[in-house]
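J.: Sharing a structure below in structure tokens format, with a few things to ask.
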Amino acid sequence: MRTGRICPDLNASLIFDDDEIKATYVLNKKTRPPTRLSLNEVLRHVAMLGGFLARKGDGEPGVKTL
């Protein structure tokens, strides 16, 4: 959680396995972009599974959501 806030542009594959990243996109019914994914993007998809709405004014997901 803290790493996602300190280094949001970090490559997500350093923290998550490729299967875990694919699962977040499949469960959210989104298509995975062909580019490198940042840690912030993957954490937001995980938070969306917990009820985070990801609206423009919502800010970043917190500990309870994740």
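Identifiers for the structure tokens are assigned positionally: chains receive A, B, ... in sequence, residues are indexed from 1 per chain, and ligands are indexed from 1 in the order shown.
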Can you list every residue in segment 21-50 of chain A that DSSP puts in helix (DSSP H, G or I), as a ChimeraX atom specification?
T.: /A:21-27,39-49
J.: Print the selection's residues with all heavy atoms to a file, as a short mmCIF file (atom, residue, chain, number, x, y, z; two decimals), in the first residue's frame.
T.:
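Produced file selection20.cif, reproduced below:
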```cif
data_model
loop_
_atom_site.label_atom_id
_atom_site.label_comp_id
_atom_site.auth_asym_id
_atom_site.auth_seq_id
_atom_site.Cartn_x
_atom_site.Cartn_y
_atom_site.Cartn_z
N ILE A 21 -2.18 -9.66 -12.20
CA ILE A 21 -2.53 -8.46 -12.97
C ILE A 21 -3.64 -8.77 -13.96
O ILE A 21 -4.61 -8.02 -14.09
CB ILE A 21 -1.29 -7.90 -13.68
CG1 ILE A 21 -0.27 -7.41 -12.65
CG2 ILE A 21 -1.67 -6.78 -14.64
CD1 ILE A 21 1.07 -7.04 -13.24
N LYS A 22 -3.52 -9.91 -14.64
CA LYS A 22 -4.57 -10.33 -15.58
C LYS A 22 -5.90 -10.52 -14.86
O LYS A 22 -6.95 -10.15 -15.38
CB LYS A 22 -4.18 -11.63 -16.27
CG LYS A 22 -3.12 -11.48 -17.31
CD LYS A 22 -2.80 -12.83 -17.93
CE LYS A 22 -1.61 -12.74 -18.86
NZ LYS A 22 -1.23 -14.04 -19.39
N ALA A 23 -5.87 -11.09 -13.66
CA ALA A 23 -7.09 -11.35 -12.91
C ALA A 23 -7.82 -10.06 -12.55
O ALA A 23 -9.06 -10.02 -12.58
CB ALA A 23 -6.77 -12.14 -11.64
N THR A 24 -7.10 -9.00 -12.22
CA THR A 24 -7.77 -7.74 -11.89
C THR A 24 -8.53 -7.18 -13.08
O THR A 24 -9.61 -6.64 -12.93
CB THR A 24 -6.77 -6.68 -11.38
OG1 THR A 24 -5.81 -6.40 -12.37
CG2 THR A 24 -6.09 -7.13 -10.11
N TYR A 25 -7.95 -7.34 -14.26
CA TYR A 25 -8.64 -6.84 -15.46
C TYR A 25 -9.82 -7.73 -15.83
O TYR A 25 -10.86 -7.25 -16.25
CB TYR A 25 -7.66 -6.71 -16.63
CG TYR A 25 -6.87 -5.43 -16.55
CD1 TYR A 25 -5.66 -5.38 -15.88
CD2 TYR A 25 -7.34 -4.26 -17.12
CE1 TYR A 25 -4.94 -4.20 -15.78
CE2 TYR A 25 -6.64 -3.07 -17.04
CZ TYR A 25 -5.44 -3.05 -16.37
OH TYR A 25 -4.75 -1.89 -16.26
N VAL A 26 -9.67 -9.03 -15.69
CA VAL A 26 -10.77 -9.95 -16.02
C VAL A 26 -11.94 -9.74 -15.06
O VAL A 26 -13.09 -9.65 -15.49
CB VAL A 26 -10.27 -11.42 -15.98
CG1 VAL A 26 -11.44 -12.38 -16.05
CG2 VAL A 26 -9.31 -11.67 -17.11
N LEU A 27 -11.67 -9.64 -13.77
CA LEU A 27 -12.74 -9.48 -12.79
C LEU A 27 -13.44 -8.13 -12.91
O LEU A 27 -14.62 -8.01 -12.59
CB LEU A 27 -12.20 -9.67 -11.38
CG LEU A 27 -11.76 -11.10 -11.05
CD1 LEU A 27 -11.06 -11.16 -9.71
CD2 LEU A 27 -12.95 -12.04 -11.07
N LEU A 39 2.13 0.59 -11.04
CA LEU A 39 1.62 0.03 -9.79
C LEU A 39 0.32 0.70 -9.39
O LEU A 39 -0.60 0.05 -8.90
CB LEU A 39 2.68 0.20 -8.69
CG LEU A 39 2.36 -0.36 -7.32
CD1 LEU A 39 2.08 -1.85 -7.40
CD2 LEU A 39 3.50 -0.08 -6.36
N ASN A 40 0.20 1.99 -9.63
CA ASN A 40 -1.01 2.73 -9.28
C ASN A 40 -2.23 2.20 -10.04
O ASN A 40 -3.31 2.07 -9.47
CB ASN A 40 -0.81 4.21 -9.55
CG ASN A 40 -1.95 5.05 -9.04
OD1 ASN A 40 -2.54 4.73 -8.01
ND2 ASN A 40 -2.26 6.12 -9.74
N GLU A 41 -2.06 1.89 -11.32
CA GLU A 41 -3.17 1.37 -12.12
C GLU A 41 -3.68 0.04 -11.57
O GLU A 41 -4.89 -0.18 -11.45
CB GLU A 41 -2.75 1.17 -13.57
CG GLU A 41 -2.50 2.45 -14.33
CD GLU A 41 -1.98 2.16 -15.71
OE1 GLU A 41 -2.81 2.02 -16.63
OE2 GLU A 41 -0.75 2.05 -15.86
N VAL A 42 -2.77 -0.85 -11.24
CA VAL A 42 -3.16 -2.17 -10.75
C VAL A 42 -3.79 -2.06 -9.37
O VAL A 42 -4.80 -2.71 -9.07
CB VAL A 42 -1.95 -3.13 -10.75
CG1 VAL A 42 -2.32 -4.46 -10.13
CG2 VAL A 42 -1.44 -3.34 -12.16
N LEU A 43 -3.25 -1.21 -8.50
CA LEU A 43 -3.84 -1.03 -7.18
C LEU A 43 -5.25 -0.45 -7.27
O LEU A 43 -6.13 -0.83 -6.49
CB LEU A 43 -2.95 -0.13 -6.32
CG LEU A 43 -1.73 -0.78 -5.72
CD1 LEU A 43 -0.88 0.25 -4.99
CD2 LEU A 43 -2.10 -1.91 -4.79
N ARG A 44 -5.48 0.44 -8.20
CA ARG A 44 -6.83 1.00 -8.38
C ARG A 44 -7.80 -0.08 -8.86
O ARG A 44 -8.95 -0.11 -8.45
CB ARG A 44 -6.80 2.17 -9.35
CG ARG A 44 -6.17 3.41 -8.73
CD ARG A 44 -6.12 4.57 -9.69
NE ARG A 44 -7.40 5.16 -9.97
CZ ARG A 44 -7.98 6.12 -9.24
NH1 ARG A 44 -7.37 6.57 -8.18
NH2 ARG A 44 -9.14 6.61 -9.58
N HIS A 45 -7.33 -1.01 -9.71
CA HIS A 45 -8.20 -2.11 -10.15
C HIS A 45 -8.50 -3.07 -9.00
O HIS A 45 -9.62 -3.57 -8.89
CB HIS A 45 -7.56 -2.85 -11.33
CG HIS A 45 -7.82 -2.18 -12.64
ND1 HIS A 45 -6.98 -1.24 -13.15
CD2 HIS A 45 -8.84 -2.30 -13.51
CE1 HIS A 45 -7.47 -0.80 -14.30
NE2 HIS A 45 -8.60 -1.43 -14.54
N VAL A 46 -7.53 -3.31 -8.15
CA VAL A 46 -7.78 -4.15 -6.97
C VAL A 46 -8.78 -3.46 -6.05
O VAL A 46 -9.70 -4.09 -5.53
CB VAL A 46 -6.45 -4.45 -6.23
CG1 VAL A 46 -6.71 -5.11 -4.89
CG2 VAL A 46 -5.55 -5.32 -7.08
N ALA A 47 -8.64 -2.16 -5.87
CA ALA A 47 -9.55 -1.41 -5.02
C ALA A 47 -10.96 -1.38 -5.59
O ALA A 47 -11.94 -1.40 -4.84
CB ALA A 47 -9.03 0.01 -4.83
N MET A 48 -11.09 -1.36 -6.91
CA MET A 48 -12.40 -1.39 -7.53
C MET A 48 -13.13 -2.69 -7.22
O MET A 48 -14.36 -2.72 -7.14
CB MET A 48 -12.28 -1.17 -9.03
CG MET A 48 -11.94 0.27 -9.38
SD MET A 48 -11.44 0.55 -11.08
CE MET A 48 -12.81 -0.04 -12.01
N LEU A 49 -12.39 -3.76 -7.01
CA LEU A 49 -13.01 -5.03 -6.62
C LEU A 49 -13.58 -4.94 -5.20
O LEU A 49 -14.50 -5.64 -4.85
CB LEU A 49 -12.00 -6.17 -6.69
CG LEU A 49 -11.50 -6.51 -8.10
CD1 LEU A 49 -10.36 -7.51 -8.01
CD2 LEU A 49 -12.63 -7.05 -8.94
#
```
J.: List the spatial neighbours of Leu14 of chain A as a list in words - criterion: any atom at most 12 Å away, only C-alpha atoms, same-chain residues fewer than 6 positions off excluded.
T.: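 Residues meeting the cut-off are Thr3, Gly4, Cys7, Glu20, Ile21, Arg36, Leu37, Ser38, Leu39 and Val42 of chain A.
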J.: Enter the distance from atom CA of Gly62 of chain A to atom CA of Arg5 of chain A, in Å, rounded to one decimal.
T.: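 Atom CA of Gly62 of chain A sits 10.2 Å away from atom CA of Arg5 of chain A.
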J.: What is the distance between atom CA of Ile15 of chain A and atom CA of Pro61 of chain A, in Å to one decimal?
T.: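 Result for atom CA of Ile15 of chain A versus atom CA of Pro61 of chain A: 17.5 Å, one decimal.
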J.: Counting only C-alpha atoms, which residue out of A:Leu53, A:Ser13, A:Thr65, A:Ile6 sits closest to Asn28 of chain A?
T.: A:Leu53
